[in-house]
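protein-v7.txt follows; it contains compact mmCIF, C-alpha atoms and all ligand atoms.
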# COMPACT_ATOMS: atom_id res chain seq x y z
CA MET H 176 -15.04 -6.00 12.14
CA ILE H 177 -14.81 -3.23 14.71
CA THR H 178 -17.28 -0.45 14.27
CA THR H 179 -16.48 2.55 16.34
CA THR H 180 -16.54 6.28 16.18
CA VAL H 181 -13.58 8.21 14.90
CA PRO H 182 -11.19 8.77 17.78
CA PRO H 183 -11.45 12.36 18.96
CA HIS H 184 -7.86 13.17 18.08
CA ALA H 185 -7.93 11.52 14.67
CA HIS H 186 -8.12 14.79 12.86
CA SER H 187 -6.33 16.95 15.37
CA GLN H 188 -3.14 18.72 14.54
CA ALA H 189 -0.64 16.39 16.09
CA ILE H 190 0.54 13.78 13.67
CA ARG H 191 1.77 10.70 15.39
CA VAL H 192 4.73 8.77 14.08
CA PHE H 193 5.18 5.09 14.90
CA SER H 194 8.24 3.15 13.77
CA PHE H 195 8.14 -0.62 13.30
CA SER H 196 11.43 -2.48 13.50
CA SER H 197 12.59 -5.97 14.29
CA GLY H 198 16.29 -6.47 14.02
CA LYS H 199 15.69 -9.74 12.19
CA GLY H 200 13.91 -9.87 8.83
CA GLY H 201 11.03 -12.16 7.95
CA VAL H 202 9.17 -11.74 11.26
CA GLY H 203 6.06 -10.19 9.73
CA LYS H 204 6.87 -6.49 9.95
CA THR H 205 5.57 -5.47 6.53
CA ASN H 206 2.38 -7.50 6.93
CA ILE H 207 1.77 -5.94 10.32
CA VAL H 208 2.35 -2.37 9.16
CA THR H 209 0.11 -2.88 6.11
CA ASN H 210 -2.74 -4.32 8.13
CA LEU H 211 -2.47 -1.77 10.92
CA ALA H 212 -2.64 0.95 8.27
CA LEU H 213 -5.81 -0.60 6.88
CA ALA H 214 -7.35 -1.08 10.33
CA MET H 215 -6.57 2.50 11.35
CA THR H 216 -8.05 3.76 8.08
CA ARG H 217 -11.25 1.84 8.85
CA LEU H 218 -11.28 3.49 12.26
CA GLY H 219 -11.28 6.90 10.63
CA ALA H 220 -7.62 7.93 10.78
CA ARG H 221 -5.75 9.27 7.78
CA VAL H 222 -2.67 7.07 7.54
CA LEU H 223 0.57 7.26 5.63
CA VAL H 224 2.97 4.34 5.48
CA LEU H 225 6.56 5.27 4.88
CA ASP H 226 7.95 2.22 3.19
CA ALA H 227 11.56 2.28 4.21
CA ASP H 228 12.03 -1.48 4.04
CA LEU H 229 14.31 -2.40 1.21
CA GLY H 230 13.54 -6.08 1.65
CA LEU H 231 12.25 -8.17 -1.21
CA ALA H 232 8.63 -8.34 -0.15
CA ASN H 233 8.02 -4.72 0.66
CA ILE H 234 4.59 -3.20 0.93
CA ASP H 235 4.05 -2.60 -2.78
CA VAL H 236 4.83 -6.22 -3.59
CA LEU H 237 2.60 -7.33 -0.75
CA LEU H 238 -0.30 -5.32 -2.15
CA GLY H 239 0.44 -5.83 -5.83
CA LEU H 240 1.18 -2.15 -6.38
CA ALA H 241 3.85 -0.91 -8.73
CA PRO H 242 4.94 2.57 -7.74
CA LYS H 243 6.84 4.30 -10.53
CA TYR H 244 8.69 6.73 -8.33
CA ASN H 245 10.16 6.90 -4.87
CA ILE H 246 11.60 9.46 -2.52
CA LYS H 247 14.77 9.52 -4.62
CA HIS H 248 12.86 11.30 -7.39
CA VAL H 249 11.78 13.93 -4.87
CA LEU H 250 15.33 14.47 -3.70
CA SER H 251 16.57 14.85 -7.26
CA GLY H 252 13.83 17.38 -7.97
CA GLU H 253 12.27 15.24 -10.72
CA LYS H 254 9.00 14.75 -8.87
CA ARG H 255 6.88 16.45 -6.26
CA LEU H 256 6.16 14.45 -3.15
CA ARG H 257 2.44 14.28 -3.92
CA ASP H 258 3.20 12.63 -7.29
CA VAL H 259 5.21 9.93 -5.57
CA LEU H 260 2.52 8.90 -3.07
CA VAL H 261 0.51 5.81 -3.97
CA GLU H 262 -2.82 4.64 -2.60
CA GLY H 263 -3.20 1.42 -0.66
CA PRO H 264 -6.47 -0.41 -0.01
CA GLU H 265 -9.32 1.81 1.16
CA GLY H 266 -7.24 4.88 0.53
CA PHE H 267 -4.37 4.90 2.98
CA LEU H 268 -1.26 6.49 1.53
CA ILE H 269 2.11 4.93 0.88
CA LEU H 270 5.31 6.88 0.42
CA PRO H 271 7.69 4.53 -1.35
CA ALA H 272 11.14 5.33 -0.13
CA GLY H 273 12.91 2.43 -1.80
CA SER H 274 16.50 2.92 -2.79
CA GLY H 275 16.34 6.57 -1.70
CA VAL H 276 16.25 5.66 1.96
CA PRO H 277 19.95 5.31 2.72
CA GLU H 278 20.45 8.76 1.26
CA LEU H 279 18.06 10.40 3.69
CA VAL H 280 20.60 10.63 6.45
CA ALA H 281 23.32 11.94 4.17
CA LEU H 282 21.62 14.82 2.39
CA THR H 283 23.16 18.23 1.74
CA SER H 284 21.54 21.10 3.66
CA GLU H 285 19.94 22.30 0.47
CA GLU H 286 18.40 18.90 -0.25
CA LYS H 287 17.16 18.78 3.32
CA MET H 288 15.41 22.10 2.90
CA VAL H 289 13.74 20.94 -0.34
CA LEU H 290 12.56 17.79 1.37
CA MET H 291 11.26 19.71 4.40
CA ASP H 292 9.22 22.01 2.15
CA GLU H 293 7.70 19.06 0.37
CA LEU H 294 7.00 17.22 3.60
CA GLU H 295 5.11 20.13 5.08
CA GLU H 296 2.38 19.39 2.56
CA LEU H 297 1.90 16.00 4.17
CA GLU H 298 0.88 17.63 7.39
CA GLU H 299 -2.46 18.55 5.87
CA LEU H 300 -3.11 15.06 4.59
CA ILE H 301 -2.45 12.68 7.44
CA ASP H 302 -2.97 11.94 11.13
CA ILE H 303 -0.68 8.97 11.54
CA MET H 304 2.57 7.90 9.93
CA LEU H 305 3.70 4.29 10.19
CA ILE H 306 7.27 3.52 9.21
CA ASP H 307 8.19 0.08 7.96
CA THR H 308 11.92 0.17 8.62
CA ALA H 309 14.44 -2.22 7.13
CA ALA H 310 15.74 -5.28 8.94
CA GLY H 311 19.06 -4.93 10.70
CA ILE H 312 20.51 -1.99 12.60
CA SER H 313 21.75 0.35 9.90
CA ASP H 314 22.12 4.07 10.67
CA THR H 315 18.88 4.76 8.84
CA VAL H 316 16.94 2.27 10.95
CA LEU H 317 18.40 3.81 14.10
CA TYR H 318 17.52 7.33 12.98
CA PHE H 319 13.94 6.41 12.15
CA ASN H 320 13.59 4.81 15.56
CA ALA H 321 15.15 7.73 17.37
CA ALA H 322 12.95 10.25 15.57
CA ALA H 323 9.63 8.40 15.99
CA GLN H 324 7.33 9.13 18.92
CA LYS H 325 6.70 5.51 19.55
CA ARG H 326 8.90 2.57 18.65
CA ILE H 327 7.35 -0.79 18.08
CA VAL H 328 9.72 -3.72 18.07
CA ILE H 329 8.34 -6.85 16.46
CA VAL H 330 9.60 -10.13 17.75
CA THR H 331 8.68 -13.80 17.27
CA PRO H 332 9.33 -16.65 19.73
CA GLU H 333 12.36 -17.73 17.68
CA PRO H 334 15.55 -17.27 19.71
CA THR H 335 17.28 -15.50 16.79
CA SER H 336 14.45 -12.99 16.59
CA ILE H 337 14.68 -12.28 20.32
CA THR H 338 18.46 -11.86 20.13
CA ASP H 339 18.23 -9.49 17.16
CA ALA H 340 15.45 -7.45 18.77
CA TYR H 341 17.60 -7.10 21.88
CA ALA H 342 20.57 -5.99 19.76
CA LEU H 343 18.43 -3.26 18.23
CA ILE H 344 17.13 -2.08 21.60
CA LYS H 345 20.64 -2.09 23.04
CA VAL H 346 22.18 0.05 20.33
CA LEU H 347 19.26 2.50 20.46
CA ALA H 348 19.57 2.77 24.23
CA ASN H 349 23.34 3.12 24.29
CA ARG H 350 23.95 5.23 21.24
CA HIS H 351 20.74 7.24 20.93
CA GLN H 352 19.50 7.40 24.54
CA VAL H 353 16.19 5.89 23.51
CA LYS H 354 14.53 4.36 26.56
CA ASN H 355 10.96 3.37 25.69
CA PHE H 356 9.93 0.50 23.46
CA SER H 357 6.70 -1.33 22.76
CA ILE H 358 7.03 -5.02 22.08
CA LEU H 359 4.71 -6.72 19.62
CA VAL H 360 4.97 -10.50 19.62
CA ASN H 361 4.08 -12.03 16.29
CA TRP H 362 3.62 -15.60 15.15
CA CYS H 363 3.04 -17.10 18.57
CA ARG H 364 0.78 -19.86 19.86
CA ASP H 365 -1.19 -17.84 22.36
CA ARG H 366 -1.06 -15.08 24.94
CA GLU H 367 1.03 -17.21 27.33
CA GLU H 368 3.75 -17.66 24.78
CA ALA H 369 3.66 -13.93 23.95
CA ILE H 370 4.09 -13.05 27.62
CA LYS H 371 6.96 -15.49 27.90
CA VAL H 372 8.77 -13.88 24.97
CA TYR H 373 8.12 -10.43 26.37
CA ARG H 374 9.47 -11.46 29.80
CA GLN H 375 12.59 -12.95 28.27
CA LEU H 376 13.32 -9.75 26.44
CA SER H 377 12.58 -7.43 29.32
CA GLN H 378 14.63 -9.47 31.79
CA VAL H 379 17.76 -9.16 29.66
CA ALA H 380 17.07 -5.48 29.01
CA ASP H 381 16.57 -4.79 32.74
CA ARG H 382 19.72 -6.59 33.61
CA PHE H 383 22.11 -5.12 31.06
CA LEU H 384 20.66 -1.77 30.02
CA ASP H 385 20.13 1.39 32.01
CA SER H 386 16.59 2.49 32.88
CA ILE H 387 14.93 0.92 29.89
CA SER H 388 11.19 0.57 29.71
CA LEU H 389 9.54 -2.13 27.60
CA ASP H 390 5.81 -2.58 27.41
CA LEU H 391 3.86 -5.33 25.70
CA LEU H 392 1.72 -3.79 22.97
CA GLY H 393 0.06 -7.06 22.04
CA PHE H 394 0.44 -10.29 20.13
CA ILE H 395 -0.60 -11.79 16.82
CA PRO H 396 -1.05 -15.57 16.67
CA LYS H 397 0.37 -17.81 14.01
CA ASP H 398 -2.34 -17.84 11.37
CA ASP H 399 -2.24 -19.48 7.94
CA LYS H 400 -4.59 -16.81 6.66
CA LEU H 401 -1.61 -14.42 6.61
CA PRO H 402 0.53 -16.29 4.04
CA ARG H 403 -2.67 -17.05 2.11
CA ALA H 404 -3.44 -13.36 1.83
CA VAL H 405 0.18 -12.69 0.84
CA LEU H 406 -0.15 -15.16 -2.04
CA ARG H 407 -3.10 -13.21 -3.32
CA GLN H 408 -1.35 -9.88 -2.79
CA ARG H 409 -4.05 -8.66 -0.44
CA ALA H 410 -4.05 -7.57 3.18
CA VAL H 411 -5.31 -10.23 5.58
CA LEU H 412 -7.77 -7.70 7.00
CA ASP H 413 -9.10 -7.20 3.53
CA LEU H 414 -9.57 -10.90 2.66
CA TYR H 415 -10.10 -12.47 6.07
CA PRO H 416 -11.18 -9.75 8.50
CA ASP H 417 -12.52 -12.31 10.96
CA SER H 418 -9.36 -14.41 11.12
CA ASP H 419 -7.50 -14.65 14.42
CA ALA H 420 -4.61 -12.57 13.09
CA GLY H 421 -7.03 -10.03 11.64
CA LYS H 422 -8.83 -9.60 14.94
CA SER H 423 -5.58 -9.12 16.86
CA LEU H 424 -4.39 -6.57 14.34
CA GLU H 425 -7.64 -4.64 14.64
CA GLN H 426 -7.34 -4.58 18.40
CA ILE H 427 -3.75 -3.35 18.25
CA ALA H 428 -4.71 -0.61 15.78
CA GLN H 429 -7.48 0.49 18.10
CA ASN H 430 -5.18 0.53 21.13
CA LEU H 431 -2.58 2.58 19.28
CA LEU H 432 -5.16 5.13 18.18
CA ASN H 433 -6.66 5.40 21.64
CA GLU H 434 -3.38 6.03 23.38
CA GLU H 435 -3.03 9.42 24.90
CA ILE H 436 -0.38 11.57 23.32
CA GLU H 437 2.16 12.44 25.95
CA GLU H 438 1.82 15.92 27.32
CA GLY H 439 4.52 18.06 25.79
CA ALA H 440 5.49 15.48 23.18
CA ASP H 441 6.22 17.34 20.01
CA GLY H 442 3.86 15.58 17.72
CA ASN H 443 4.11 17.19 14.38
CA ILE H 444 5.59 15.74 11.31
CA LYS H 445 7.93 18.66 10.82
CA PHE H 446 9.49 17.84 14.14
CA PHE H 447 9.93 14.22 13.09
CA TRP H 448 11.71 15.08 9.88
CA ARG H 449 13.82 17.80 11.48
CA ASN H 450 14.88 15.27 14.04
CA LEU H 451 15.63 12.69 11.41
CA LEU H 452 17.49 15.06 9.15
CA ARG H 453 19.29 16.70 12.05
CA LEU H 454 18.00 20.13 11.24
CA PRO H 455 17.66 22.90 13.81
CA ALA H 456 14.05 23.26 15.02
N1 LIG A 501 1.40 -14.45 12.48
C1 LIG A 501 1.79 -15.07 11.35
N2 LIG A 501 1.34 -16.32 11.07
C2 LIG A 501 1.72 -16.95 9.94
N3 LIG A 501 2.53 -16.41 9.01
C3 LIG A 501 3.01 -15.17 9.22
C4 LIG A 501 2.68 -14.43 10.40
N4 LIG A 501 3.30 -13.24 10.34
C5 LIG A 501 3.98 -13.22 9.18
N5 LIG A 501 3.82 -14.36 8.49
C6 LIG A 501 4.39 -14.68 7.16
O1 LIG A 501 5.77 -14.38 7.17
C7 LIG A 501 6.20 -13.93 5.91
C8 LIG A 501 7.10 -12.73 6.09
O2 LIG A 501 6.34 -11.62 6.49
P1 LIG A 501 6.81 -10.11 6.17
O3 LIG A 501 5.72 -9.23 6.64
O4 LIG A 501 7.23 -9.98 4.75
O5 LIG A 501 8.09 -10.02 7.14
P2 LIG A 501 9.20 -8.86 7.27
O6 LIG A 501 8.63 -7.59 6.72
O7 LIG A 501 9.47 -8.80 8.74
O8 LIG A 501 10.39 -9.33 6.51
C9 LIG A 501 4.95 -13.66 5.09
O9 LIG A 501 4.80 -14.66 4.12
C10 LIG A 501 3.82 -13.77 6.09
O10 LIG A 501 2.65 -14.33 5.54
MG MG A 502 9.37 -6.42 5.14
Re-express the file's structure as structure tokens.
Amino acid sequence: MITTTVPPHAHSQAIRVFSFSSGKGGVGKTNIVTNLALAMTRLGARVLVLDADLGLANIDVLLGLAPKYNIKHVLSGEKRLRDVLVEGPEGFLILPAGSGVPELVALTSEEKMVLMDELEELEELIDIMLIDTAAGISDTVLYFNAAAQKRIVIVTPEPTSITDAYALIKVLANRHQVKNFSILVNWCRDREEAIKVYRQLSQVADRFLDSISLDLLGFIPKDDKLPRAVLRQRAVLDLYPDSDAGKSLEQIAQNLLNEEIEEGADGNIKFFWRNLLRLPA
């Protein structure tokens, strides 16, 4: 386990928003987001996971939680945002978005204002927001990616995963003028294989897309401890912190927390939601 001091910016004003997407489903996105949230919590950051993945094994299933409400109940005025939040292991927060997610990009201006008011409360509670987006390239996935400060694209060595990740990057570049992506290679043999996957992806991107920049955030090896933890509805970093996958995830969490925030990058959560909801600043 990493023991370290709280990063200096962990409780500063700027909330950082990271989106996690993949194009293809089943590549480990929800497991990665869950474990990064836990690792960042252990490193002293206050983390919120926005669970926007409508897939079958979303974060609450993964952790054996059963949230009663989701963002839909906030939009309808039945619940306050704080009543919808649920606690994950060691206290990180989860905002279940569930079936309310597709509606986020199609709200009336009044609903948007209600949501903005509610979301402002979050600003006091968190330092980092991680978004587990759905598989595929729906409008909502694209909006989350476009609004986040950093986009992490998860890819495995499977050719279909690489193709789908490229499709996601392409549509974000062409339609939303998004140029920077961080690649996280999951389920690989070793560093060499991760680099190979990364090179494959960046060569196609360089060749067919305009001024795109891909960096390699890291890799997570194939590790049977992951499905084992899933069976027990626990995070791998909770059950097997010293596993290979666990150690990689810890390192990635640390790297993400230590990254400098770009000068001039508008880091607050209000900005993120305004961007997402297409509201004037
Ligand atoms: N590095 C890995 N090694 C072995 N199994 C993995 C790895 N990453 C993910 N898995 C397994 O893949 C399955 C799907 O993971 P999940 O996080 O639900 O994917 P997604 O959210 O992308 O659909 C889980 O059962 C998980 O245990
Ligand atoms: Mg998932």
Gap from atom CA of H:Cys363 to atom N2 of ligand LIG 501 (chain A) - Å, one decimal
7.7 Å
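Put simply, atom CA of H:Leu305 is 13.4 Å away from atom CA of H:Ile427.
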Closest atom pairs, residues of chain H within 9 Å of ligand LIG 501 (chain A), all atoms listed in the file, as a Markdown table:
| residue | atom | partner | partner_atom | distance |
| --- | --- | --- | --- | --- |
| H:Ser196 | CA | A:LIG501 | O7 | 8.2 |
| H:Ser197 | CA | A:LIG501 | O7 | 7.0 |
| H:Gly198 | CA | A:LIG501 | O7 | 8.9 |
| H:Lys199 | CA | A:LIG501 | O7 | 7.2 |
| H:Gly200 | CA | A:LIG501 | O8 | 4.3 |
| H:Gly201 | CA | A:LIG501 | O8 | 3.2 |
| H:Val202 | CA | A:LIG501 | O7 | 3.9 |
| H:Gly203 | CA | A:LIG501 | O3 | 3.3 |
| H:Lys204 | CA | A:LIG501 | O7 | 3.7 |
| H:Thr205 | CA | A:LIG501 | O6 | 3.7 |
| H:Asn206 | CA | A:LIG501 | O3 | 3.8 |
| H:Ile207 | CA | A:LIG501 | O3 | 6.3 |
| H:Val208 | CA | A:LIG501 | O3 | 8.0 |
| H:Thr209 | CA | A:LIG501 | O3 | 8.5 |
| H:Asp228 | CA | A:LIG501 | O6 | 7.5 |
| H:Gly230 | CA | A:LIG501 | O8 | 6.6 |
| H:Leu231 | CA | A:LIG501 | O4 | 8.0 |
| H:Ala232 | CA | A:LIG501 | O4 | 5.4 |
| H:Asn233 | CA | A:LIG501 | O4 | 6.7 |
| H:Ile234 | CA | A:LIG501 | O4 | 8.2 |
| H:Leu237 | CA | A:LIG501 | O4 | 7.7 |
| H:Asp307 | CA | A:LIG501 | O6 | 7.8 |
| H:Thr308 | CA | A:LIG501 | O6 | 8.6 |
| H:Ala309 | CA | A:LIG501 | O6 | 7.9 |
| H:Ala310 | CA | A:LIG501 | O8 | 7.1 |
| H:Ile329 | CA | A:LIG501 | O7 | 8.0 |
| H:Thr331 | CA | A:LIG501 | N1 | 8.7 |
| H:Val360 | CA | A:LIG501 | N1 | 8.9 |
| H:Asn361 | CA | A:LIG501 | N1 | 5.2 |
| H:Trp362 | CA | A:LIG501 | N1 | 3.7 |
| H:Cys363 | CA | A:LIG501 | N1 | 6.8 |
| H:Phe394 | CA | A:LIG501 | N1 | 8.8 |
| H:Ile395 | CA | A:LIG501 | N1 | 5.5 |
| H:Pro396 | CA | A:LIG501 | N1 | 5.0 |
| H:Lys397 | CA | A:LIG501 | N2 | 3.4 |
| H:Asp398 | CA | A:LIG501 | N2 | 4.0 |
| H:Asp399 | CA | A:LIG501 | C2 | 5.1 |
| H:Lys400 | CA | A:LIG501 | C2 | 7.1 |
| H:Leu401 | CA | A:LIG501 | O10 | 4.4 |
| H:Pro402 | CA | A:LIG501 | O10 | 3.3 |
| H:Arg403 | CA | A:LIG501 | O10 | 6.9 |
| H:Ala404 | CA | A:LIG501 | O10 | 7.2 |
| H:Val405 | CA | A:LIG501 | O10 | 5.6 |
| H:Leu406 | CA | A:LIG501 | O9 | 7.9 |
| H:Val411 | CA | A:LIG501 | O10 | 9.0 |
| H:Ala420 | CA | A:LIG501 | N1 | 6.3 |
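What separates atom CA of H:Gln378 from atom CA of H:Ser357 is a distance of 14.5 Å.
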Could you pull the residues within 8 Å of H:Gln408, counting only C-alpha atoms, minus those fewer than 5 positions along the same chain, as JSON, numbers by chain?
{"H": [236, 237, 238, 239]}
Show me, as JSON, numbers by chain, the residues that have an atom within 10 Å of H:Asp413 when counting only C-alpha atoms, minus same-chain residues fewer than 5 positions from it.
{"H": [210, 213, 214, 264, 265, 404, 421]}
Same residues, C-alpha atoms, saved as a PDB file, in the frame of the given file:
ATOM      1  CA  ASN H 210      -2.740  -4.320   8.130  1.00  0.00           C
ATOM      2  CA  LEU H 213      -5.810  -0.600   6.880  1.00  0.00           C
ATOM      3  CA  ALA H 214      -7.350  -1.080  10.330  1.00  0.00           C
ATOM      4  CA  PRO H 264      -6.470  -0.410  -0.010  1.00  0.00           C
ATOM      5  CA  GLU H 265      -9.320   1.810   1.160  1.00  0.00           C
ATOM      6  CA  ALA H 404      -3.440 -13.360   1.830  1.00  0.00           C
ATOM      7  CA  GLY H 421      -7.030 -10.030  11.640  1.00  0.00           C
TER       8      GLY H 421
END
For H:Gly266, which of H:Arg217, H:Lys254, H:Lys445, H:His248 is the closest residue, counting only C-alpha atoms?
H:Arg217
Show me the residues around (-0.7, 21.5, 10.7) - criterion: an atom at most 10 Å away, only C-alpha atoms counted - as a list in words.
Ser187, Gln188, Ala189, Ile190, Glu295, Glu296, Leu297, Glu298, Glu299, Leu300, Ile301, Asp302, Asn443, Ile444 and Lys445 of chain H
Pick out the residues sitting within 7 Å of H:Val224, and hand them over as a short mmCIF file (atom, residue, chain, number, x, y, z; two decimals) with C-alpha atoms, in the coordinates of the input; count all atoms listed in the file, and ignore anything fewer than 6 positions along from it in its own chain.
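Output saved as around-v9.cif:
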data_model
loop_
_atom_site.label_atom_id
_atom_site.label_comp_id
_atom_site.auth_asym_id
_atom_site.auth_seq_id
_atom_site.Cartn_x
_atom_site.Cartn_y
_atom_site.Cartn_z
CA LEU H 268 -1.26 6.49 1.53
CA ILE H 269 2.11 4.93 0.88
CA LEU H 270 5.31 6.88 0.42
CA MET H 304 2.57 7.90 9.93
CA LEU H 305 3.70 4.29 10.19
CA ILE H 306 7.27 3.52 9.21
#
So, counting only C-alpha atoms and all ligand atoms, which residue among H:Leu211, H:Ala227, H:Ala323, H:Val222 is closest to ligand MG 502 (chain A)?
H:Ala227
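Near H:Ile312, within 9 Å and counting all atoms listed in the file, sit Gly198, Ala342, Leu343 and Val346 of chain H; same-chain residues fewer than 6 positions away were not included.
Of the listed residues H:Ile387, H:Leu225, H:Val259, H:Ala321, the one whose atoms come nearest to H:Val276 is H:Leu225, with distances taken using only C-alpha atoms.
You can rank H:Thr283, H:Leu294, H:Leu250, H:Gly311 by their closest distance to ligand MG 502 (chain A) using only C-alpha atoms and all ligand atoms, and at the top of that list sits H:Gly311.
Here the question is which of H:Gln375, H:Asn433, H:Thr335, H:Lys325 gets nearest to H:Phe356 using all atoms listed in the file, and that residue is H:Lys325.
Proximity of H:Asp314, H:Gly273, H:His351, H:Arg221 to ligand MG 502 (chain A), computed with only C-alpha atoms and all ligand atoms, is greatest for H:Gly273.
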What box, with edges along x, y and z, holds each listed atom of stretch 216-232 of chain H when 4 Å is added on every side, and can you state its centre and edge lengths in Å to one decimal, as AutoDock Vina command-line options?
--center_x 1.5 --center_y 0.5 --center_z 5.5 --size_x 33.6 --size_y 25.6 --size_z 21.5
For stretch 249-273 of chain H, where the input has fewer atoms than it should, I would like N, CA and C atoms rebuilt and written as a short mmCIF file (atom, residue, chain, number, x, y, z; two decimals), in the coordinates of the input.
data_model
loop_
_atom_site.label_atom_id
_atom_site.label_comp_id
_atom_site.auth_asym_id
_atom_site.auth_seq_id
_atom_site.Cartn_x
_atom_site.Cartn_y
_atom_site.Cartn_z
N VAL H 249 12.08 12.65 -5.52
CA VAL H 249 11.78 13.93 -4.87
C VAL H 249 13.09 14.65 -4.56
N LEU H 250 14.04 13.88 -4.06
CA LEU H 250 15.33 14.47 -3.70
C LEU H 250 16.04 15.04 -4.92
N SER H 251 15.90 14.38 -6.06
CA SER H 251 16.57 14.85 -7.26
C SER H 251 15.80 15.98 -7.93
N GLY H 252 14.61 16.28 -7.41
CA GLY H 252 13.83 17.38 -7.97
C GLY H 252 13.00 16.96 -9.18
N GLU H 253 13.03 15.68 -9.54
CA GLU H 253 12.27 15.24 -10.72
C GLU H 253 10.77 15.21 -10.45
N LYS H 254 10.41 14.93 -9.20
CA LYS H 254 9.00 14.75 -8.87
C LYS H 254 8.65 15.51 -7.60
N ARG H 255 7.39 15.91 -7.51
CA ARG H 255 6.88 16.45 -6.26
C ARG H 255 6.47 15.28 -5.38
N LEU H 256 6.49 15.53 -4.09
CA LEU H 256 6.16 14.45 -3.15
C LEU H 256 4.76 13.86 -3.44
N ARG H 257 3.82 14.77 -3.72
CA ARG H 257 2.44 14.28 -3.92
C ARG H 257 2.31 13.36 -5.15
N ASP H 258 3.25 13.51 -6.10
CA ASP H 258 3.20 12.63 -7.29
C ASP H 258 3.82 11.27 -7.02
N VAL H 259 4.52 11.17 -5.90
CA VAL H 259 5.21 9.93 -5.57
C VAL H 259 4.32 9.03 -4.69
N LEU H 260 3.40 9.67 -3.96
CA LEU H 260 2.52 8.90 -3.07
C LEU H 260 1.64 7.94 -3.86
N VAL H 261 1.46 6.73 -3.34
CA VAL H 261 0.51 5.81 -3.97
C VAL H 261 -0.57 5.42 -2.96
N GLU H 262 -1.71 4.99 -3.48
CA GLU H 262 -2.82 4.64 -2.60
C GLU H 262 -2.88 3.14 -2.33
N GLY H 263 -3.00 2.80 -1.06
CA GLY H 263 -3.20 1.42 -0.66
C GLY H 263 -4.68 1.13 -0.56
N PRO H 264 -5.06 -0.07 -0.10
CA PRO H 264 -6.47 -0.41 -0.01
C PRO H 264 -7.24 0.57 0.88
N GLU H 265 -8.42 0.91 0.44
CA GLU H 265 -9.32 1.81 1.16
C GLU H 265 -8.73 3.20 1.38
N GLY H 266 -7.70 3.50 0.61
CA GLY H 266 -7.24 4.88 0.53
C GLY H 266 -6.10 5.32 1.44
N PHE H 267 -5.53 4.40 2.22
CA PHE H 267 -4.37 4.90 2.98
C PHE H 267 -3.21 5.16 2.03
N LEU H 268 -2.31 6.05 2.44
CA LEU H 268 -1.26 6.49 1.53
C LEU H 268 0.05 5.76 1.80
N ILE H 269 0.80 5.56 0.75
CA ILE H 269 2.11 4.93 0.88
C ILE H 269 3.14 5.85 0.24
N LEU H 270 4.19 6.14 0.99
CA LEU H 270 5.31 6.88 0.42
C LEU H 270 6.43 5.88 0.18
N PRO H 271 6.64 5.49 -1.08
CA PRO H 271 7.69 4.53 -1.35
C PRO H 271 9.04 5.22 -1.20
N ALA H 272 9.84 4.69 -0.35
CA ALA H 272 11.14 5.33 -0.13
C ALA H 272 12.22 4.57 -0.88
N GLY H 273 12.05 3.28 -0.97
CA GLY H 273 12.91 2.43 -1.80
C GLY H 273 14.39 2.72 -1.67
#
